[in-house]
file structure28.txt (compact mmCIF, C-alpha atoms)
# COMPACT_ATOMS: atom_id res chain seq x y z
CA CYS A 291 -23.70 16.86 -20.72
CA ARG A 292 -20.75 17.91 -22.83
CA ARG A 293 -19.29 20.03 -20.05
CA CYS A 294 -19.23 17.06 -17.68
CA ARG A 295 -17.66 14.82 -20.28
CA ARG A 296 -14.91 17.34 -20.89
CA ALA A 297 -14.29 17.67 -17.14
CA ILE A 298 -13.58 13.98 -16.67
CA PRO A 299 -10.34 12.73 -18.25
CA ARG A 300 -11.06 10.22 -20.95
CA ARG A 301 -9.55 7.09 -19.48
CA MET A 302 -10.42 7.79 -15.87
CA GLY A 303 -13.92 8.30 -17.20
CA ILE A 304 -13.88 4.67 -18.33
CA LEU A 305 -12.86 3.61 -14.84
CA ILE A 306 -15.55 5.73 -13.20
CA VAL A 307 -18.26 4.47 -15.55
CA LEU A 308 -17.47 0.92 -14.52
CA GLY A 309 -18.11 2.04 -10.97
CA ALA A 310 -15.81 1.58 -8.03
CA ALA A 311 -18.29 -0.76 -6.40
CA ALA A 312 -18.34 -3.03 -9.43
CA VAL A 313 -14.55 -3.00 -9.59
CA LEU A 314 -14.13 -4.06 -6.00
CA GLN A 315 -16.95 -6.59 -6.06
CA ALA A 316 -14.83 -8.44 -8.62
CA LEU A 317 -12.84 -9.93 -5.75
CA PRO A 318 -13.19 -13.72 -5.91
CA GLN A 319 -15.25 -15.30 -3.15
CA SER A 320 -12.09 -16.73 -1.55
CA LEU A 321 -10.87 -13.19 -0.88
CA ARG A 322 -14.20 -11.71 0.26
CA TRP A 323 -13.31 -12.45 3.83
CA HIS A 324 -15.16 -9.75 5.67
CA GLN A 325 -18.12 -7.78 4.31
CA THR A 326 -19.14 -5.78 7.38
CA PRO A 327 -17.82 -2.18 7.35
CA LEU A 328 -16.11 -1.10 10.55
CA ARG A 329 -17.48 1.80 12.54
CA ALA A 330 -15.61 5.09 12.75
CA ALA A 331 -14.39 6.63 15.98
CA ARG A 332 -16.79 9.00 17.71
CA SER A 333 -15.95 12.64 17.13
CA GLY A 334 -14.10 14.17 20.04
CA SER A 335 -13.69 10.87 21.84
CA THR A 336 -10.30 9.62 22.96
CA VAL A 337 -11.57 6.07 23.44
CA MET A 338 -12.05 4.29 20.14
CA SER A 339 -14.29 1.32 19.52
CA GLY A 340 -12.46 -2.00 19.42
CA THR A 341 -13.79 -2.55 15.88
CA ASP A 342 -11.67 0.37 14.61
CA LEU A 343 -8.52 -1.74 14.75
CA PRO A 344 -8.79 -4.77 12.48
CA ARG A 345 -8.22 -7.91 14.51
CA THR A 346 -7.62 -10.23 11.56
CA PRO A 347 -6.08 -9.98 8.08
CA GLN A 348 -9.58 -10.44 6.71
CA ALA A 349 -10.84 -7.36 8.54
CA LEU A 350 -7.83 -5.34 7.43
CA VAL A 351 -8.39 -6.28 3.78
CA ALA A 352 -12.06 -5.30 4.13
CA GLN A 353 -11.01 -1.86 5.40
CA LEU A 354 -8.48 -1.53 2.59
CA ARG A 355 -11.04 -2.47 -0.06
CA GLU A 356 -13.57 -0.02 1.36
CA THR A 357 -11.16 2.92 1.37
CA VAL A 358 -9.92 2.22 -2.16
CA GLN A 359 -13.53 2.10 -3.32
CA GLY A 360 -14.17 5.47 -1.70
CA ALA A 361 -11.07 6.98 -3.33
CA LEU A 362 -12.16 5.74 -6.77
CA GLN A 363 -15.60 7.23 -6.25
CA LEU A 364 -13.88 10.55 -5.53
CA ARG A 365 -12.00 10.14 -8.87
CA GLN A 366 -8.67 10.03 -7.08
CA SER A 367 -6.06 8.80 -9.56
CA ARG A 368 -2.93 9.15 -7.41
CA MET A 369 -2.92 6.95 -4.31
CA ARG A 370 -0.62 5.54 -1.67
CA ALA A 371 -1.25 2.55 0.58
CA SER A 372 1.09 1.66 3.44
CA LEU A 373 1.08 -1.58 5.42
CA PRO A 374 3.55 -3.10 7.91
CA PRO A 375 6.69 -4.80 6.54
CA GLY A 376 6.30 -8.56 6.53
CA PHE A 377 2.57 -8.50 7.29
CA ASP A 378 0.93 -11.88 6.64
CA TYR A 379 -2.19 -11.56 4.47
CA GLY A 380 -2.63 -15.33 4.41
CA ILE A 381 -2.33 -15.68 0.63
CA GLU A 382 0.98 -17.44 0.08
CA SER A 383 2.12 -20.40 2.12
CA GLN A 384 5.10 -19.61 4.33
CA ARG A 385 8.13 -21.61 5.31
CA LYS A 386 9.75 -21.45 8.71
CA GLY A 387 13.21 -19.96 8.94
CA LYS A 388 12.78 -17.47 6.10
CA GLN A 389 14.99 -14.39 6.19
CA ILE A 390 13.30 -11.09 7.04
CA SER A 391 14.02 -9.78 3.53
CA SER A 392 12.12 -12.74 2.07
CA LYS A 393 9.20 -12.12 4.42
CA ILE A 394 9.04 -8.47 3.39
CA ALA A 395 9.14 -9.35 -0.31
CA ARG A 396 6.41 -11.95 0.21
CA SER A 397 4.21 -9.47 2.07
CA ASP A 398 4.65 -6.75 -0.56
CA ARG A 399 3.82 -9.27 -3.28
CA GLU A 400 0.68 -10.37 -1.43
CA LEU A 401 -0.49 -6.75 -1.13
CA ALA A 402 0.05 -6.24 -4.85
CA ARG A 403 -1.98 -9.34 -5.60
CA LEU A 404 -4.84 -8.08 -3.44
CA PHE A 405 -4.95 -4.90 -5.52
CA VAL A 406 -4.81 -6.87 -8.75
CA GLU A 407 -7.68 -9.09 -7.59
CA MET A 408 -9.83 -5.99 -7.18
CA PHE A 409 -9.78 -5.50 -10.94
CA GLN A 410 -10.29 -9.08 -12.09
CA GLY A 411 -13.20 -9.49 -14.47
CA THR A 412 -13.58 -5.76 -15.13
CA GLY A 413 -11.75 -5.56 -18.45
CA LEU A 414 -9.05 -3.46 -16.77
CA VAL A 415 -5.69 -5.27 -16.72
CA PRO A 416 -3.37 -3.62 -14.18
CA THR A 417 0.33 -3.10 -14.82
CA VAL A 418 2.27 -4.20 -11.73
CA CYS A 419 5.77 -2.77 -11.44
CA PHE A 420 8.27 -4.59 -9.24
CA CYS A 421 11.77 -3.32 -8.54
CA THR A 422 13.78 -6.28 -9.85
CA VAL A 423 13.51 -9.10 -12.36
CA GLU A 424 13.73 -11.55 -9.45
CA ASP A 425 10.66 -10.05 -7.76
CA THR A 426 8.81 -10.03 -11.07
CA SER A 427 9.69 -13.63 -11.81
CA ALA A 428 8.58 -14.70 -8.32
CA ALA A 429 5.19 -13.03 -8.79
CA SER A 430 4.78 -14.68 -12.19
CA ARG A 431 5.53 -18.08 -10.70
CA LEU A 432 3.27 -17.72 -7.67
CA TRP A 433 0.26 -15.84 -9.00
CA GLY A 434 -0.90 -18.38 -11.55
CA ASP A 435 -3.37 -17.38 -14.28
CA ILE A 436 -4.20 -13.88 -13.10
CA GLU A 437 -4.95 -10.95 -15.39
CA ALA A 438 -2.04 -8.62 -14.78
CA ARG A 439 0.86 -7.23 -16.75
CA LEU A 440 4.08 -7.63 -14.79
CA VAL A 441 7.01 -5.28 -15.32
CA ALA A 442 10.49 -5.27 -13.77
CA LEU A 443 10.90 -1.51 -13.36
CA ASP A 444 14.64 -1.24 -12.80
CA PRO A 445 16.10 1.69 -14.79
CA ALA A 446 19.64 1.13 -13.49
CA ALA A 447 19.66 -2.53 -14.53
CA ALA A 448 18.06 -1.67 -17.87
CA ALA A 449 20.81 0.85 -18.59
CA GLY A 450 23.52 -1.63 -17.59
CA GLY A 451 22.16 -4.56 -19.57
CA THR A 452 21.64 -6.83 -16.58
CA ARG A 453 21.11 -10.50 -17.43
CA ALA A 454 17.43 -11.35 -17.91
CA VAL A 455 15.67 -13.85 -15.68
CA LYS A 456 13.72 -16.66 -17.30
CA PRO A 457 10.24 -17.31 -15.89
CA ALA A 458 9.41 -20.71 -14.46
CA ASN A 459 6.66 -21.17 -17.05
CA PRO A 460 7.32 -18.97 -20.11
CA THR A 461 4.10 -19.97 -21.90
CA ARG A 462 1.91 -19.02 -18.96
CA ALA A 463 3.87 -15.82 -18.33
CA LYS A 464 3.50 -14.86 -21.98
CA SER A 465 -0.26 -15.37 -21.90
CA ARG A 466 -0.59 -13.11 -18.84
CA ALA A 467 1.66 -10.34 -20.08
CA GLY A 468 0.87 -10.53 -23.79
CA GLY A 469 -1.12 -8.20 -26.03
CA GLY A 470 -4.42 -6.79 -24.86
CA GLY A 471 -3.26 -5.99 -21.34
CA GLY A 472 -4.53 -2.61 -20.18
CA PHE A 473 -6.50 -1.46 -23.25
CA GLY A 474 -4.21 -2.99 -25.84
CA ALA A 475 -0.97 -2.74 -23.89
CA ALA A 476 2.14 -4.17 -25.52
CA PRO A 477 3.56 -7.43 -24.15
CA ALA A 478 5.53 -7.05 -20.95
CA LEU A 479 7.90 -9.86 -21.89
CA SER A 480 10.64 -9.75 -24.47
CA GLY A 481 9.67 -12.47 -26.90
CA GLY A 482 7.61 -14.12 -24.15
CA SER A 483 10.64 -16.04 -22.84
CA THR A 484 12.53 -13.79 -20.42
CA TRP A 485 11.96 -10.99 -17.96
CA LYS A 486 14.07 -7.98 -18.82
CA PRO A 487 14.42 -4.85 -16.70
CA ALA A 488 12.47 -1.86 -17.97
CA SER A 489 13.65 1.73 -17.75
CA ALA A 490 10.18 3.28 -17.67
CA VAL A 491 6.54 2.57 -16.92
CA PRO A 492 4.92 1.42 -20.20
CA ASP A 493 3.20 4.32 -21.95
CA SER A 494 0.16 2.16 -22.64
CA ALA A 495 -0.45 1.39 -18.95
CA GLU A 496 -3.83 2.59 -17.70
CA VAL A 497 -3.86 1.18 -14.16
CA VAL A 498 -0.44 1.01 -12.49
CA PHE A 499 0.56 -0.53 -9.16
CA VAL A 500 4.15 0.16 -8.09
CA VAL A 501 5.36 -2.26 -5.43
CA ALA A 502 7.81 -1.05 -2.75
CA PRO A 503 9.53 1.46 -5.03
CA GLY A 504 13.00 2.86 -4.48
CA GLN A 505 14.40 6.16 -5.72
CA SER A 506 14.83 5.05 -9.34
CA GLN A 507 11.30 3.65 -9.48
CA CYS A 508 9.93 6.88 -8.00
CA ASP A 509 11.75 8.86 -10.69
CA ALA A 510 10.21 6.66 -13.39
CA VAL A 511 6.74 7.00 -11.87
CA GLN A 512 7.07 10.78 -11.61
CA LYS A 513 8.05 10.94 -15.28
CA PHE A 514 5.08 8.75 -16.25
CA CYS A 515 2.63 10.85 -14.22
CA THR A 516 3.99 14.11 -15.63
CA GLU A 517 3.74 12.90 -19.22
CA HIS A 518 0.28 11.32 -19.00
CA GLY A 519 -1.55 13.49 -16.50
CA LEU A 520 -4.40 12.44 -14.25
CA ASP A 521 -6.10 10.13 -16.74
CA ARG A 522 -4.00 7.18 -15.52
CA LEU A 523 -4.58 5.48 -12.19
CA VAL A 524 -1.28 5.10 -10.29
CA VAL A 525 -1.03 3.49 -6.85
CA LEU A 526 2.14 3.27 -4.77
CA LEU A 527 2.18 0.23 -2.50
CA ASN A 528 4.46 0.41 0.54
CA ALA A 529 6.56 3.28 -0.77
CA ARG A 530 8.76 3.21 2.32
CA CYS A 531 11.56 5.14 0.68
CA LEU A 532 9.29 8.20 0.83
CA GLU A 533 8.70 7.88 4.56
CA GLU A 534 10.59 9.65 7.33
CA PRO A 535 13.88 7.87 8.14
CA PRO A 536 14.31 6.57 11.68
CA PRO A 537 15.94 8.98 14.16
CA GLU A 538 19.53 8.52 15.22
CA ASP A 539 18.49 7.23 18.65
CA ALA A 540 16.12 4.61 17.24
CA ASP A 541 16.33 1.14 18.73
CA GLU A 542 18.41 -1.46 16.91
CA ALA A 543 15.40 -3.43 15.64
CA SER A 544 13.85 -0.33 14.06
CA THR A 545 17.17 0.62 12.47
CA GLN A 546 17.72 -2.81 10.97
CA LEU A 547 14.17 -2.92 9.62
CA ALA A 548 14.61 0.52 8.05
CA ARG A 549 17.77 -0.68 6.30
CA ALA A 550 16.03 -3.82 5.03
CA THR A 551 13.10 -1.83 3.62
CA GLY A 552 14.98 1.25 2.40
CA THR A 553 12.88 3.49 4.61
CA GLY A 554 13.55 7.18 4.12
CA THR A 555 16.12 6.76 1.34
CA ALA A 556 14.37 8.87 -1.31
CA ALA A 557 15.67 12.32 -2.16
CA PRO A 558 13.89 15.29 -0.53
CA LYS A 559 12.63 16.48 -3.94
CA ALA A 560 11.01 13.10 -4.58
CA ARG A 561 9.38 13.11 -1.17
CA ALA A 562 8.04 16.61 -1.76
CA TYR A 563 6.59 15.65 -5.15
CA PHE A 564 4.80 12.52 -3.97
CA ASP A 565 3.59 14.15 -0.75
CA THR A 566 1.98 16.83 -2.90
CA GLU A 567 0.67 14.82 -5.85
CA PHE A 568 -0.34 11.55 -4.17
CA LYS A 569 -2.98 10.98 -1.51
CA ASP A 570 -2.60 8.51 1.32
CA VAL A 571 -5.81 6.50 1.09
CA TYR A 572 -4.97 3.77 3.57
CA ALA A 573 -2.28 3.24 6.19
CA PHE A 574 -1.92 0.72 8.97
CA LEU A 575 1.59 0.92 10.41
CA THR A 576 2.61 -0.86 13.58
CA ASP A 577 5.16 0.59 16.02
CA PRO A 578 5.55 3.84 14.03
CA ALA A 579 7.41 5.49 16.92
CA GLY A 580 9.47 2.45 17.88
CA LYS A 581 8.68 -0.22 20.43
CA THR A 582 6.42 1.03 23.23
CA GLN A 583 4.88 -0.47 26.35
CA ASP A 584 1.45 -0.58 24.72
CA PRO A 585 1.60 -1.42 21.00
CA ALA A 586 0.85 1.65 18.89
CA VAL A 587 -0.58 1.80 15.38
CA LEU A 588 -0.66 4.70 12.92
CA ILE A 589 -3.82 4.48 10.85
CA LYS A 590 -5.49 6.40 8.05
CA ARG A 591 -8.65 5.33 6.25
CA GLY A 592 -9.83 7.53 3.40
CA VAL A 593 -8.53 10.39 1.28
CA ASP A 594 -9.97 13.13 3.49
CA GLU A 595 -9.72 11.29 6.80
CA PRO A 596 -7.15 12.35 9.43
CA TRP A 597 -4.16 10.38 10.62
CA SER A 598 -4.62 8.74 14.01
CA LEU A 599 -2.08 7.26 16.39
CA VAL A 600 -3.80 4.57 18.42
CA SER A 601 -2.52 2.43 21.27
CA LYS A 602 -3.86 -0.95 22.31
CA PRO A 603 -3.40 -1.48 26.04
CA LYS A 604 -3.34 -5.00 27.47
CA VAL A 605 -6.68 -4.28 29.12
CA GLY A 606 -9.44 -2.17 27.63
CA PRO A 607 -10.25 -0.78 24.18
CA PRO A 608 -7.83 1.01 21.85
CA ARG A 609 -7.15 4.63 22.77
CA GLN A 610 -6.42 7.50 20.43
CA LEU A 611 -3.17 9.26 21.31
CA LEU A 612 -2.88 11.73 18.46
CA GLN A 613 -4.89 12.92 15.47
CA SER A 614 -3.75 15.27 12.69
CA ALA A 615 -4.60 16.21 9.13
CA ASP A 616 -1.00 15.62 8.02
CA ARG A 617 1.04 12.54 8.73
CA PRO A 618 2.60 13.04 12.18
CA THR A 619 6.35 13.02 12.53
CA ILE A 620 8.15 10.39 14.57
CA ALA A 621 8.97 13.06 17.16
CA ALA A 622 5.29 14.02 17.49
CA MET A 623 4.25 10.38 17.87
CA ARG A 624 6.93 9.78 20.48
CA ALA A 625 5.74 12.79 22.45
CA ALA A 626 2.14 11.56 22.30
CA VAL A 627 3.14 8.10 23.53
CA GLN A 628 5.25 9.54 26.36
CA ALA A 629 2.44 11.89 27.38
CA LYS A 630 0.03 8.97 27.57
CA GLN A 631 2.48 6.92 29.62
CA GLN A 632 2.98 9.85 32.02
CA GLU A 633 -0.77 10.24 32.29
CA GLY A 634 -1.08 6.58 33.18
CA LEU A 635 1.59 6.90 35.86
CA LEU A 636 -0.14 9.91 37.43
CA ASP A 637 -3.47 8.07 37.40
CA ALA A 638 -1.84 5.13 39.16
CA LEU A 639 -0.23 7.38 41.79
CA GLY A 640 -3.50 9.20 42.30
CA GLY A 641 -5.24 5.91 42.88
CA VAL A 642 -2.68 4.87 45.50
CA PHE A 643 -2.61 8.09 47.50
CA GLY A 644 -6.30 8.75 47.08
CA ARG A 645 -7.23 5.73 49.13

call {"tool": "encode", "arguments": {"input": "structure28.txt", "output": "structure tokens"}}
result
Amino acid sequence: CRRCRRAIPRRMGILIVLGAAAVLQALPQSLRWHQTPLRAARSGSTVMSGTDLPRTPQALVAQLRETVQGALQLRQSRMRASLPPGFDYGIESQRKGKQISSKIARSDRELARLFVEMFQGTGLVPTVCFCTVEDTSAASRLWGDIEARLVALDPAAAAGGTRAVKPANPTRAKSRAGGGGGFGAAPALSGGSTWKPASAVPDSAEVVFVVAPGQSQCDAVQKFCTEHGLDRLVVLLNARCLEEPPPEDADEASTQLARATGTGTAAPKARAYFDTEFKDVYAFLTDPAGKTQDPAVLIKRGVDEPWSLVSKPKVGPPRQLLQSADRPTIAAMRAAVQAKQQEGLLDALGGVFGR
């Protein structure tokens, strides 16, 4: 009916008509690792089924695909997905001895490719925004002939006239980023021969993935979202700058990792905007409260699903330590972990003196 057509933004209507299921079934067979959906935790139970924590990258990607599909079906056009720094999705070959910064960049690039693969063969050509020309050039070199428009979203470098980086294969890069991308998007390359930093998200972009953004990228994304409204699909991938910074008493490993990833460096106004306008659709974050005796994971699966802090003891199934509608703070997660450790100690003492 006309009322329904007016209620759905024009371009998101195109995406919805295609159907989220059809979009995500476009994954090539090589990436359809795991088709069985994982069961949810029982309501009110503190013991979660072992299938709730993905045991392999294949299972994790299956969960991610399922939750993105659900968000699209709910017509959610502002999303965030958060995965561990340096996580190995098994897409790119790795070399021993790589620096941690290289491992993080590789992991973020793999996650972006997984999202791009979801839209292959649908007629929707995503715009993928990296933070530097180097990251953009690396993706161009490694991704091969994939339908995606790559953009080096670096407003500071664009304003300063930073030297452009030449792709390894200019002809191939030009064909991927040329005209027709994203409903007639303009070419992402300047003359098809060099990557140049961009100061803004292209106005013609319909589906946008922003990879590990910093403050300047967040500012550009906020401007794009404000100008174009909810009829553009925008997904933030590993937006660690918007997360809570580590506490002053954090262990050295957590502090160094936070520095390497820029965790918590965004301005409070930016964090407030994205916390309000964007929905966390999927999160799987290891050691969110620092190193603990039993590894802990902060998970979220689905727009309307709660956040859960889960521990995996050496023996037995995963156990839920904390659940909340909003993302728990580091202090709250620490308290939950300590309470569980204290409970375990009391149980052990009770077992000794109860004999």

call {"tool": "closest_atom_pairs", "arguments": {"input": "structure28.txt", "of": "segment 579-632 of chain A", "to": "segment 529-548 of chain A", "cutoff": "12 Å", "atoms": "all atoms listed in the file", "output": "CSV"}}
result
residue,atom,partner,partner_atom,distance
A:Ala579,CA,A:Pro536,CA,8.7
A:Gly580,CA,A:Ser544,CA,6.4
A:Lys581,CA,A:Asp541,CA,8.0
A:Thr582,CA,A:Asp541,CA,10.9
A:Arg617,CA,A:Glu533,CA,9.9
A:Pro618,CA,A:Glu534,CA,9.9
A:Thr619,CA,A:Glu534,CA,7.5
A:Ile620,CA,A:Glu534,CA,7.7
A:Ala621,CA,A:Pro537,CA,8.6
A:Arg624,CA,A:Ala540,CA,11.0

call {"tool": "write_last_selection", "arguments": {"input": "structure28.txt", "atoms": "C-alpha atoms", "output": "PDB file, in the coordinates of the input"}}
result
ATOM      1  CA  ALA A 579       7.410   5.490  16.920  1.00  0.00           C
ATOM      2  CA  GLY A 580       9.470   2.450  17.880  1.00  0.00           C
ATOM      3  CA  LYS A 581       8.680  -0.220  20.430  1.00  0.00           C
ATOM      4  CA  THR A 582       6.420   1.030  23.230  1.00  0.00           C
ATOM      5  CA  ARG A 617       1.040  12.540   8.730  1.00  0.00           C
ATOM      6  CA  PRO A 618       2.600  13.040  12.180  1.00  0.00           C
ATOM      7  CA  THR A 619       6.350  13.020  12.530  1.00  0.00           C
ATOM      8  CA  ILE A 620       8.150  10.390  14.570  1.00  0.00           C
ATOM      9  CA  ALA A 621       8.970  13.060  17.160  1.00  0.00           C
ATOM     10  CA  ARG A 624       6.930   9.780  20.480  1.00  0.00           C
TER      11      ARG A 624
END

call {"tool": "atom_distance", "arguments": {"input": "structure28.txt", "atom1": "atom CA of Asp570 of chain A", "atom2": "atom CA of Leu526 of chain A"}}
result
9.3 Å

call {"tool": "atom_distance", "arguments": {"input": "structure28.txt", "atom1": "atom CA of Pro492 of chain A", "atom2": "atom CA of Ala429 of chain A"}}
result
18.4 Å

call {"tool": "closest_residue", "arguments": {"input": "structure28.txt", "among": "A:Ala560, A:Leu520, A:Ala490, A:Leu343", "to": "Pro585 of chain A", "atoms": "all atoms listed in the file"}}
result
A:Leu343

call {"tool": "closest_residue", "arguments": {"input": "structure28.txt", "among": "A:Leu414, A:His518, A:Trp433, A:Cys421", "to": "Ser489 of chain A", "atoms": "only C-alpha atoms"}}
result
A:Cys421

call {"tool": "atom_distance", "arguments": {"input": "structure28.txt", "atom1": "atom CA of Phe568 of chain A", "atom2": "atom CA of Arg368 of chain A"}}
result
4.8 Å

call {"tool": "closest_residue", "arguments": {"input": "structure28.txt", "among": "A:Val605, A:Val501, A:Ala556, A:Ala573", "to": "Val351 of chain A", "atoms": "all atoms listed in the file"}}
result
A:Ala573

call {"tool": "residues_near_point", "arguments": {"input": "structure28.txt", "point": "(9.7, 9.6, -7.9)", "cutoff": "9 Å", "atoms": "all atoms listed in the file", "output": "list in words"}}
result
Pro503, Gly504, Gln505, Ser506, Gln507, Cys508, Asp509, Ala510, Val511, Gln512, Lys513, Leu532, Ala556, Ala557, Lys559, Ala560, Arg561, Tyr563 and Phe564 of chain A

call {"tool": "residues_around", "arguments": {"input": "structure28.txt", "residues": "segment 495-499 of chain A", "least_positions_apart": "4", "cutoff": "8 Å", "atoms": "only C-alpha atoms", "output": "ChimeraX atom specification"}}
result
/A:301,402,405,414-419,472-473,475,491,521-527

call {"tool": "residues_around", "arguments": {"input": "structure28.txt", "residues": "Ser614 of chain A", "least_positions_apart": "3", "cutoff": "12 Å", "atoms": "only C-alpha atoms", "output": "list of chain:residue names"}}
result
A:Leu588, A:Ile589, A:Lys590, A:Asp594, A:Glu595, A:Pro596, A:Trp597, A:Ser598, A:Leu599, A:Gln610, A:Leu611, A:Arg617, A:Pro618, A:Thr619, A:Ala622, A:Met623, A:Ala626

call {"tool": "closest_residue", "arguments": {"input": "structure28.txt", "among": "A:Gln366, A:Ser494, A:Gln410, A:Gln613", "to": "Val587 of chain A", "atoms": "only C-alpha atoms"}}
result
A:Gln613

call {"tool": "residues_around", "arguments": {"input": "structure28.txt", "residues": "Ala586 of chain A", "least_positions_apart": "5", "cutoff": "7 Å", "atoms": "only C-alpha atoms", "output": "PyMOL selection string"}}
result
chain A and resi 576-577+599-602

call {"tool": "write_last_selection", "arguments": {"input": "structure28.txt", "atoms": "C-alpha atoms", "output": "mmCIF file, in the frame of the given file"}}
result
data_model
loop_
_atom_site.group_PDB
_atom_site.id
_atom_site.type_symbol
_atom_site.label_atom_id
_atom_site.label_comp_id
_atom_site.auth_asym_id
_atom_site.auth_seq_id
_atom_site.Cartn_x
_atom_site.Cartn_y
_atom_site.Cartn_z
ATOM 1 C CA THR A 576 2.610 -0.860 13.580
ATOM 2 C CA ASP A 577 5.160 0.590 16.020
ATOM 3 C CA LEU A 599 -2.080 7.260 16.390
ATOM 4 C CA VAL A 600 -3.800 4.570 18.420
ATOM 5 C CA SER A 601 -2.520 2.430 21.270
ATOM 6 C CA LYS A 602 -3.860 -0.950 22.310
#

call {"tool": "closest_residue", "arguments": {"input": "structure28.txt", "among": "A:Val406, A:Ala447, A:Ala502, A:Leu364", "to": "Asp435 of chain A", "atoms": "only C-alpha atoms"}}
result
A:Val406

call {"tool": "residues_near_point", "arguments": {"input": "structure28.txt", "point": "(8.7, -4.9, 8.7)", "cutoff": "7 Å", "atoms": "all atoms listed in the file", "output": "PyMOL selection string"}}
result
chain A and resi 374-376+394+547

call {"tool": "closest_residue", "arguments": {"input": "structure28.txt", "among": "A:Gly450, A:Gly519, A:Pro608, A:Pro347", "to": "Leu373 of chain A", "atoms": "only C-alpha atoms"}}
result
A:Pro347

call {"tool": "decode", "arguments": {"input": "structure28.txt", "residues": "segment 607-635 of chain A", "atoms": "C-alpha atoms", "output": "tab-separated table (two decimals), in the first residue's frame"}}
result
chain	number	residue	atom	x	y	z
A	607	PRO	CA	30.40	-25.82	30.29
A	608	PRO	CA	30.55	-22.02	29.94
A	609	ARG	CA	28.90	-20.12	32.78
A	610	GLN	CA	27.12	-16.80	32.58
A	611	LEU	CA	28.55	-14.28	35.02
A	612	LEU	CA	26.59	-11.17	34.09
A	613	GLN	CA	23.75	-10.14	31.81
A	614	SER	CA	22.50	-6.61	31.09
A	615	ALA	CA	20.54	-4.67	28.50
A	616	ASP	CA	23.35	-2.12	28.15
A	617	ARG	CA	26.98	-2.91	27.58
A	618	PRO	CA	28.51	-3.54	31.03
A	619	THR	CA	31.36	-1.38	32.21
A	620	ILE	CA	34.80	-2.80	32.91
A	621	ALA	CA	34.20	-2.25	36.63
A	622	ALA	CA	30.94	-4.23	36.51
A	623	MET	CA	32.60	-7.08	34.63
A	624	ARG	CA	35.50	-7.16	37.08
A	625	ALA	CA	33.07	-7.33	39.99
A	626	ALA	CA	31.18	-10.20	38.34
A	627	VAL	CA	34.40	-12.13	37.74
A	628	GLN	CA	35.60	-11.57	41.31
A	629	ALA	CA	32.22	-12.62	42.70
A	630	LYS	CA	32.37	-15.84	40.72
A	631	GLN	CA	35.91	-16.55	41.89
A	632	GLN	CA	34.87	-15.94	45.51
A	633	GLU	CA	31.91	-18.25	45.03
A	634	GLY	CA	34.23	-20.93	43.72
A	635	LEU	CA	36.53	-20.54	46.72
